[in-house]
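Okay, my_file04.csv is below, CSV, N, CA and C atoms:
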chain,number,residue,atom,x,y,z
W,1,MET,N,-26.0,-62.0,-91.1
W,1,MET,CA,-26.8,-62.4,-89.9
W,1,MET,C,-26.0,-62.4,-88.7
W,2,LYS,N,-26.4,-61.7,-87.7
W,2,LYS,CA,-25.7,-61.6,-86.4
W,2,LYS,C,-25.8,-62.9,-85.6
W,3,LYS,N,-24.7,-63.3,-85.0
W,3,LYS,CA,-24.6,-64.5,-84.3
W,3,LYS,C,-24.6,-64.3,-82.7
W,4,ILE,N,-25.5,-65.0,-82.1
W,4,ILE,CA,-25.6,-64.9,-80.6
W,4,ILE,C,-25.3,-66.3,-80.0
W,5,LEU,N,-24.5,-66.3,-79.0
W,5,LEU,CA,-24.2,-67.5,-78.2
W,5,LEU,C,-24.9,-67.4,-76.9
W,6,LEU,N,-25.8,-68.4,-76.6
W,6,LEU,CA,-26.4,-68.4,-75.3
W,6,LEU,C,-25.7,-69.4,-74.5
W,7,VAL,N,-25.3,-69.0,-73.3
W,7,VAL,CA,-24.6,-69.9,-72.4
W,7,VAL,C,-25.3,-69.9,-71.0
W,8,ASP,N,-26.0,-71.0,-70.8
W,8,ASP,CA,-26.8,-71.2,-69.6
W,8,ASP,C,-27.1,-72.6,-69.4
W,9,ASP,N,-27.2,-73.0,-68.1
W,9,ASP,CA,-27.4,-74.5,-67.8
W,9,ASP,C,-28.9,-74.7,-67.5
W,10,GLU,N,-29.7,-73.7,-67.7
W,10,GLU,CA,-31.2,-73.8,-67.4
W,10,GLU,C,-31.9,-74.0,-68.7
W,11,PRO,N,-32.4,-75.2,-69.0
W,11,PRO,CA,-33.0,-75.5,-70.3
W,11,PRO,C,-34.2,-74.6,-70.7
W,12,ASN,N,-35.0,-74.2,-69.7
W,12,ASN,CA,-36.2,-73.3,-70.1
W,12,ASN,C,-35.7,-72.0,-70.6
W,13,ILE,N,-34.7,-71.4,-70.0
W,13,ILE,CA,-34.2,-70.1,-70.4
W,13,ILE,C,-33.6,-70.3,-71.8
W,14,VAL,N,-32.8,-71.3,-72.0
W,14,VAL,CA,-32.1,-71.5,-73.3
W,14,VAL,C,-33.1,-71.7,-74.4
W,15,MET,N,-34.2,-72.5,-74.2
W,15,MET,CA,-35.2,-72.8,-75.2
W,15,MET,C,-35.9,-71.5,-75.5
W,16,THR,N,-36.3,-70.8,-74.5
W,16,THR,CA,-37.1,-69.5,-74.7
W,16,THR,C,-36.3,-68.5,-75.5
W,17,LEU,N,-35.1,-68.3,-75.1
W,17,LEU,CA,-34.2,-67.3,-75.8
W,17,LEU,C,-33.8,-67.8,-77.2
W,18,GLU,N,-33.6,-69.0,-77.4
W,18,GLU,CA,-33.2,-69.5,-78.7
W,18,GLU,C,-34.4,-69.3,-79.6
W,19,TYR,N,-35.6,-69.7,-79.2
W,19,TYR,CA,-36.8,-69.5,-80.0
W,19,TYR,C,-37.0,-68.0,-80.4
W,20,THR,N,-36.9,-67.1,-79.4
W,20,THR,CA,-37.1,-65.7,-79.6
W,20,THR,C,-36.1,-65.1,-80.5
W,21,PHE,N,-34.8,-65.4,-80.3
W,21,PHE,CA,-33.8,-64.8,-81.2
W,21,PHE,C,-33.8,-65.4,-82.6
W,22,LYS,N,-34.1,-66.6,-82.8
W,22,LYS,CA,-34.1,-67.2,-84.1
W,22,LYS,C,-35.3,-66.6,-84.9
W,23,LYS,N,-36.4,-66.3,-84.2
W,23,LYS,CA,-37.6,-65.7,-84.8
W,23,LYS,C,-37.2,-64.3,-85.3
W,24,LEU,N,-36.3,-63.7,-84.6
W,24,LEU,CA,-35.8,-62.3,-85.0
W,24,LEU,C,-34.6,-62.3,-86.0
W,25,ASN,N,-34.4,-63.5,-86.6
W,25,ASN,CA,-33.4,-63.7,-87.6
W,25,ASN,C,-31.9,-63.6,-87.1
W,26,TYR,N,-31.7,-64.0,-85.9
W,26,TYR,CA,-30.3,-64.1,-85.4
W,26,TYR,C,-29.9,-65.6,-85.6
W,27,GLN,N,-28.6,-65.8,-85.8
W,27,GLN,CA,-28.1,-67.1,-85.8
W,27,GLN,C,-27.7,-67.5,-84.3
W,28,VAL,N,-28.3,-68.5,-83.8
W,28,VAL,CA,-28.1,-68.8,-82.3
W,28,VAL,C,-27.3,-70.1,-82.1
W,29,PHE,N,-26.4,-70.0,-81.2
W,29,PHE,CA,-25.6,-71.2,-80.8
W,29,PHE,C,-25.8,-71.3,-79.3
W,30,ILE,N,-25.7,-72.6,-78.8
W,30,ILE,CA,-26.0,-72.8,-77.4
W,30,ILE,C,-24.9,-73.6,-76.8
W,31,ALA,N,-24.5,-73.2,-75.6
W,31,ALA,CA,-23.6,-73.9,-74.7
W,31,ALA,C,-24.2,-74.0,-73.3
W,32,ARG,N,-24.1,-75.2,-72.7
W,32,ARG,CA,-24.7,-75.4,-71.4
W,32,ARG,C,-23.8,-75.1,-70.2
W,33,ASP,N,-22.6,-74.8,-70.5
W,33,ASP,CA,-21.6,-74.3,-69.4
W,33,ASP,C,-20.5,-73.6,-70.0
W,34,GLY,N,-19.6,-73.0,-69.2
W,34,GLY,CA,-18.5,-72.2,-69.7
W,34,GLY,C,-17.6,-73.0,-70.6
W,35,GLN,N,-17.3,-74.2,-70.2
W,35,GLN,CA,-16.3,-75.0,-71.0
W,35,GLN,C,-16.8,-75.3,-72.4
W,36,GLU,N,-18.1,-75.6,-72.5
W,36,GLU,CA,-18.8,-75.8,-73.8
W,36,GLU,C,-18.7,-74.5,-74.6
W,37,ALA,N,-18.9,-73.4,-74.0
W,37,ALA,CA,-18.8,-72.1,-74.7
W,37,ALA,C,-17.4,-71.9,-75.2
W,38,ILE,N,-16.4,-72.1,-74.4
W,38,ILE,CA,-15.0,-71.9,-74.8
W,38,ILE,C,-14.7,-72.8,-75.9
W,39,ASP,N,-15.2,-74.1,-75.9
W,39,ASP,CA,-14.9,-75.0,-77.0
W,39,ASP,C,-15.6,-74.5,-78.3
W,40,LEU,N,-16.8,-74.0,-78.1
W,40,LEU,CA,-17.6,-73.6,-79.3
W,40,LEU,C,-17.0,-72.4,-80.0
W,41,VAL,N,-16.5,-71.4,-79.2
W,41,VAL,CA,-16.0,-70.2,-79.8
W,41,VAL,C,-14.6,-70.4,-80.5
W,42,GLN,N,-14.1,-71.6,-80.4
W,42,GLN,CA,-12.9,-71.9,-81.2
W,42,GLN,C,-13.2,-71.8,-82.7
W,43,ASN,N,-14.4,-72.2,-83.1
W,43,ASN,CA,-14.8,-72.3,-84.5
W,43,ASN,C,-15.8,-71.2,-84.9
W,44,GLN,N,-16.4,-70.6,-83.9
W,44,GLN,CA,-17.5,-69.6,-84.2
W,44,GLN,C,-17.2,-68.3,-83.4
W,45,VAL,N,-17.0,-67.2,-84.0
W,45,VAL,CA,-16.9,-66.0,-83.2
W,45,VAL,C,-18.3,-65.3,-83.2
W,46,PRO,N,-19.0,-65.3,-82.1
W,46,PRO,CA,-20.3,-64.7,-82.0
W,46,PRO,C,-20.2,-63.1,-82.0
W,47,ASP,N,-21.3,-62.5,-82.4
W,47,ASP,CA,-21.3,-61.0,-82.2
W,47,ASP,C,-21.7,-60.6,-80.8
W,48,LEU,N,-22.4,-61.5,-80.1
W,48,LEU,CA,-22.9,-61.2,-78.8
W,48,LEU,C,-23.0,-62.5,-78.0
W,49,ILE,N,-22.7,-62.5,-76.7
W,49,ILE,CA,-22.8,-63.7,-75.9
W,49,ILE,C,-23.7,-63.3,-74.7
W,50,ILE,N,-24.7,-64.1,-74.5
W,50,ILE,CA,-25.6,-64.0,-73.3
W,50,ILE,C,-25.1,-65.1,-72.3
W,51,LEU,N,-24.6,-64.7,-71.2
W,51,LEU,CA,-23.8,-65.5,-70.3
W,51,LEU,C,-24.3,-65.6,-68.9
W,52,ASP,N,-24.6,-66.8,-68.5
W,52,ASP,CA,-25.0,-67.1,-67.1
W,52,ASP,C,-23.7,-67.1,-66.3
W,53,ILE,N,-23.8,-66.9,-65.0
W,53,ILE,CA,-22.7,-66.9,-64.1
W,53,ILE,C,-22.5,-68.3,-63.4
W,54,MET,N,-23.6,-68.7,-62.7
W,54,MET,CA,-23.5,-70.0,-62.0
W,54,MET,C,-23.8,-71.2,-62.8
W,55,MET,N,-22.8,-71.8,-63.3
W,55,MET,CA,-22.9,-73.0,-64.1
W,55,MET,C,-21.9,-74.1,-63.7
W,56,PRO,N,-22.1,-75.3,-64.1
W,56,PRO,CA,-21.1,-76.4,-63.8
W,56,PRO,C,-19.9,-76.2,-64.6
W,57,MET,N,-18.8,-76.9,-64.3
W,57,MET,CA,-17.6,-76.9,-65.0
W,57,MET,C,-16.9,-75.5,-64.9
W,58,VAL,N,-17.1,-74.6,-65.8
W,58,VAL,CA,-16.5,-73.3,-65.8
W,58,VAL,C,-17.6,-72.2,-65.6
W,59,ASP,N,-17.5,-71.3,-64.6
W,59,ASP,CA,-18.5,-70.3,-64.4
W,59,ASP,C,-18.4,-69.2,-65.4
W,60,GLY,N,-19.4,-68.3,-65.4
W,60,GLY,CA,-19.5,-67.2,-66.4
W,60,GLY,C,-18.4,-66.2,-66.2
W,61,TYR,N,-18.0,-65.9,-65.0
W,61,TYR,CA,-16.8,-65.0,-64.8
W,61,TYR,C,-15.6,-65.5,-65.5
W,62,SER,N,-15.3,-66.8,-65.2
W,62,SER,CA,-14.0,-67.4,-65.8
W,62,SER,C,-14.1,-67.5,-67.3
W,63,THR,N,-15.3,-67.7,-67.8
W,63,THR,CA,-15.6,-67.8,-69.3
W,63,THR,C,-15.2,-66.4,-69.9
W,64,LEU,N,-15.8,-65.4,-69.3
W,64,LEU,CA,-15.5,-64.0,-69.8
W,64,LEU,C,-14.0,-63.6,-69.7
W,65,GLU,N,-13.4,-64.0,-68.6
W,65,GLU,CA,-11.9,-63.7,-68.5
W,65,GLU,C,-11.2,-64.4,-69.6
W,66,TYR,N,-11.5,-65.6,-70.0
W,66,TYR,CA,-10.9,-66.3,-71.1
W,66,TYR,C,-11.1,-65.6,-72.4
W,67,LEU,N,-12.3,-65.2,-72.6
W,67,LEU,CA,-12.7,-64.5,-73.9
W,67,LEU,C,-11.9,-63.1,-74.0
W,68,LYS,N,-11.8,-62.4,-72.9
W,68,LYS,CA,-11.2,-61.1,-72.9
W,68,LYS,C,-9.7,-61.2,-73.1
W,69,ASN,N,-9.1,-62.4,-72.9
W,69,ASN,CA,-7.7,-62.6,-73.2
W,69,ASN,C,-7.4,-63.0,-74.6
W,70,ASP,N,-8.4,-63.1,-75.5
W,70,ASP,CA,-8.2,-63.5,-76.8
W,70,ASP,C,-8.7,-62.4,-77.8
W,71,GLU,N,-7.8,-61.8,-78.5
W,71,GLU,CA,-8.2,-60.7,-79.4
W,71,GLU,C,-9.2,-60.9,-80.4
W,72,ARG,N,-9.5,-62.2,-80.7
W,72,ARG,CA,-10.6,-62.5,-81.7
W,72,ARG,C,-11.9,-62.0,-81.2
W,73,PHE,N,-12.0,-61.9,-79.9
W,73,PHE,CA,-13.3,-61.5,-79.3
W,73,PHE,C,-13.4,-60.1,-78.8
W,74,GLU,N,-12.5,-59.3,-79.3
W,74,GLU,CA,-12.5,-57.9,-78.8
W,74,GLU,C,-13.7,-57.1,-79.2
W,75,ASN,N,-14.4,-57.5,-80.3
W,75,ASN,CA,-15.6,-56.8,-80.7
W,75,ASN,C,-16.9,-57.5,-80.3
W,76,CYS,N,-16.7,-58.6,-79.6
W,76,CYS,CA,-17.9,-59.4,-79.1
W,76,CYS,C,-18.5,-58.8,-77.9
W,77,LYS,N,-19.8,-58.5,-78.0
W,77,LYS,CA,-20.5,-57.9,-76.8
W,77,LYS,C,-20.9,-59.1,-75.9
W,78,VAL,N,-21.0,-58.7,-74.6
W,78,VAL,CA,-21.3,-59.8,-73.6
W,78,VAL,C,-22.4,-59.2,-72.6
W,79,ILE,N,-23.4,-60.0,-72.4
W,79,ILE,CA,-24.4,-59.7,-71.4
W,79,ILE,C,-24.4,-60.8,-70.4
W,80,PHE,N,-24.2,-60.4,-69.2
W,80,PHE,CA,-24.4,-61.4,-68.1
W,80,PHE,C,-25.9,-61.5,-67.8
W,81,LEU,N,-26.4,-62.7,-67.7
W,81,LEU,CA,-27.8,-62.9,-67.3
W,81,LEU,C,-27.8,-63.9,-66.1
W,82,SER,N,-28.0,-63.3,-65.0
W,82,SER,CA,-27.7,-64.1,-63.8
W,82,SER,C,-28.7,-63.9,-62.6
W,83,ALA,N,-28.8,-64.9,-61.8
W,83,ALA,CA,-29.7,-64.8,-60.6
W,83,ALA,C,-28.8,-64.0,-59.5
W,84,LYS,N,-27.5,-63.9,-59.7
W,84,LYS,CA,-26.7,-63.2,-58.7
W,84,LYS,C,-27.0,-61.7,-58.9
W,85,ASN,N,-27.7,-61.2,-57.9
W,85,ASN,CA,-28.2,-59.8,-58.0
W,85,ASN,C,-27.6,-58.8,-57.0
W,86,LYS,N,-26.6,-59.2,-56.3
W,86,LYS,CA,-26.0,-58.3,-55.3
W,86,LYS,C,-25.1,-57.3,-56.1
W,87,GLU,N,-25.0,-56.1,-55.5
W,87,GLU,CA,-24.2,-55.1,-56.2
W,87,GLU,C,-22.8,-55.5,-56.5
W,88,LYS,N,-22.2,-56.3,-55.6
W,88,LYS,CA,-20.8,-56.7,-55.8
W,88,LYS,C,-20.7,-57.7,-57.0
W,89,ASP,N,-21.7,-58.5,-57.2
W,89,ASP,CA,-21.7,-59.4,-58.4
W,89,ASP,C,-21.8,-58.6,-59.7
W,90,VAL,N,-22.7,-57.6,-59.7
W,90,VAL,CA,-22.9,-56.8,-60.8
W,90,VAL,C,-21.6,-56.0,-61.1
W,91,GLU,N,-21.0,-55.4,-60.1
W,91,GLU,CA,-19.7,-54.7,-60.3
W,91,GLU,C,-18.6,-55.6,-60.8
W,92,LYS,N,-18.6,-56.8,-60.3
W,92,LYS,CA,-17.5,-57.7,-60.8
W,92,LYS,C,-17.7,-58.1,-62.2
W,93,GLY,N,-19.0,-58.3,-62.6
W,93,GLY,CA,-19.3,-58.7,-64.0
W,93,GLY,C,-18.9,-57.6,-65.0
W,94,LEU,N,-19.3,-56.3,-64.6
W,94,LEU,CA,-19.0,-55.2,-65.4
W,94,LEU,C,-17.4,-54.9,-65.5
W,95,ALA,N,-16.8,-55.1,-64.3
W,95,ALA,CA,-15.4,-54.9,-64.2
W,95,ALA,C,-14.6,-55.9,-65.1
W,96,LEU,N,-15.1,-57.1,-65.2
W,96,LEU,CA,-14.5,-58.1,-66.1
W,96,LEU,C,-14.7,-57.8,-67.6
W,97,GLY,N,-15.6,-56.8,-67.9
W,97,GLY,CA,-15.7,-56.4,-69.3
W,97,GLY,C,-17.1,-56.7,-69.9
W,98,ALA,N,-18.0,-57.1,-69.1
W,98,ALA,CA,-19.4,-57.3,-69.7
W,98,ALA,C,-19.9,-55.9,-70.1
W,99,ASN,N,-20.7,-55.9,-71.2
W,99,ASN,CA,-21.3,-54.7,-71.6
W,99,ASN,C,-22.6,-54.4,-70.8
W,100,LEU,N,-23.2,-55.4,-70.3
W,100,LEU,CA,-24.5,-55.3,-69.6
W,100,LEU,C,-24.6,-56.4,-68.6
W,101,TYR,N,-25.3,-56.1,-67.5
W,101,TYR,CA,-25.6,-57.1,-66.5
W,101,TYR,C,-27.1,-57.1,-66.2
W,102,VAL,N,-27.7,-58.2,-66.5
W,102,VAL,CA,-29.2,-58.4,-66.4
W,102,VAL,C,-29.5,-59.4,-65.3
W,103,THR,N,-30.3,-59.1,-64.4
W,103,THR,CA,-30.6,-60.1,-63.3
W,103,THR,C,-31.9,-60.9,-63.7
W,104,LYS,N,-31.9,-62.1,-63.2
W,104,LYS,CA,-33.1,-63.0,-63.4
W,104,LYS,C,-34.0,-62.7,-62.1
W,105,PRO,N,-35.3,-62.8,-62.3
W,105,PRO,CA,-36.0,-62.9,-63.5
W,105,PRO,C,-35.9,-61.7,-64.4
W,106,PHE,N,-36.1,-61.8,-65.6
W,106,PHE,CA,-35.9,-60.7,-66.6
W,106,PHE,C,-37.0,-60.7,-67.6
W,107,SER,N,-37.1,-59.5,-68.3
W,107,SER,CA,-38.1,-59.3,-69.3
W,107,SER,C,-37.5,-59.7,-70.6
W,108,ILE,N,-38.1,-60.6,-71.3
W,108,ILE,CA,-37.5,-61.0,-72.6
W,108,ILE,C,-37.6,-59.9,-73.6
W,109,LYS,N,-38.7,-59.1,-73.6
W,109,LYS,CA,-38.9,-58.0,-74.5
W,109,LYS,C,-37.7,-57.0,-74.3
W,110,LYS,N,-37.4,-56.7,-73.0
W,110,LYS,CA,-36.4,-55.7,-72.7
W,110,LYS,C,-35.0,-56.2,-73.1
W,111,LEU,N,-34.8,-57.5,-72.9
W,111,LEU,CA,-33.5,-58.2,-73.3
W,111,LEU,C,-33.3,-58.1,-74.8
W,112,VAL,N,-34.4,-58.3,-75.5
W,112,VAL,CA,-34.3,-58.3,-77.0
W,112,VAL,C,-33.9,-56.8,-77.4
W,113,GLU,N,-34.5,-55.8,-76.8
W,113,GLU,CA,-34.2,-54.4,-77.1
W,113,GLU,C,-32.7,-54.2,-76.7
W,114,GLN,N,-32.2,-54.6,-75.6
W,114,GLN,CA,-30.9,-54.4,-75.2
W,114,GLN,C,-29.9,-55.1,-76.1
W,115,VAL,N,-30.2,-56.3,-76.6
W,115,VAL,CA,-29.4,-57.0,-77.6
W,115,VAL,C,-29.3,-56.2,-78.9
W,116,ALA,N,-30.4,-55.7,-79.3
W,116,ALA,CA,-30.4,-55.0,-80.6
W,116,ALA,C,-29.6,-53.7,-80.5
W,117,GLU,N,-29.7,-53.0,-79.3
W,117,GLU,CA,-29.0,-51.8,-79.1
W,117,GLU,C,-27.5,-52.1,-79.1
W,118,LEU,N,-27.1,-53.1,-78.4
W,118,LEU,CA,-25.6,-53.4,-78.3
W,118,LEU,C,-25.1,-53.8,-79.7
W,119,LEU,N,-25.9,-54.5,-80.5
W,119,LEU,CA,-25.4,-55.0,-81.8
W,119,LEU,C,-25.3,-53.9,-82.8
W,120,GLU,N,-26.1,-52.8,-82.6
W,120,GLU,CA,-26.1,-51.7,-83.5
W,120,GLU,C,-25.1,-50.7,-83.1
W,121,ALA,N,-24.6,-50.7,-81.9
W,121,ALA,CA,-23.6,-49.7,-81.4
W,121,ALA,C,-22.3,-49.9,-82.1
Target encoding structure tokens, full file:
Amino acid sequence: MKKILLVDDEPNIVMTLEYTFKKLNYQVFIARDGQEAIDLVQNQVPDLIILDIMMPMVDGYSTLEYLKNDERFENCKVIFLSAKNKEKDVEKGLALGANLYVTKPFSIKKLVEQVAELLEA
């Protein structure tokens, strides 16, 4: 069973995505900010992380930088899911090593397809 880590401080997004991905037989873990995500991945290496950027404590960019400096996560796919939709934000996210950058508001159906594609790649 593939493991997905959802990192977002917006409860509605977390609940909707958790429900959707659990229904599709993914194992889902939740962190409400970057620090919680960093703590969580010490014991669980997810196959894919859906990561918000603007969060309290540690933002998504810093969280991804931390993960990219740890070889345990070299095969972990990362999707930024953010309201930051300027071209420079997207470029920064991809330059840091994200596999995909999705802007809010987003289509859950399309996100589910993108997750499946990344995990099959």
Shortest interatomic distance to Met57 of chain W - which of W:Glu18, W:Asp33, W:Glu74, W:Asp39, counting all atoms listed in the file: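 So, comparing all the options, the nearest one is W:Asp33.
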One-decimal distance in Å that lies between atom N of Ile50 of chain W and atom C of Leu17 of chain W: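 Interatomic distance here is 10.2 Å.
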Per-residue DSSP, segment 27-94 of chain W, filtered to strand (DSSP E or B), as a PyMOL selection string: chain W and resi 27-31+48-51+77-82
Nearest to Asn99 of chain W by atom-to-atom distance, counting only N, CA and C atoms, from W:Phe21, W:Phe29, W:Phe73, W:Phe80: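 Closest to Asn99 of chain W of all the choices is W:Phe80.
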Contacts of segment 61-71 of chain W within 6.5 Å, all atoms listed in the file, excl. fewer than 5 positions in-chain, as JSON, numbers by chain: {"W": [34, 52, 53, 96]}
Nearby residues (only C-alpha atoms) at most 10 Å from Asp47 of chain W, same-chain spacing under 2 positions excluded, as a PyMOL selection string: chain W and resi 1-5+27+44-45+49+73-78+118-119
Residue neighbourhood Ala31 of chain W, 9 Å, only C-alpha atoms, exclusion window fewer than 4 positions, as an MDAnalysis selection string: chainID W and resid 5:9 14 35:38 40
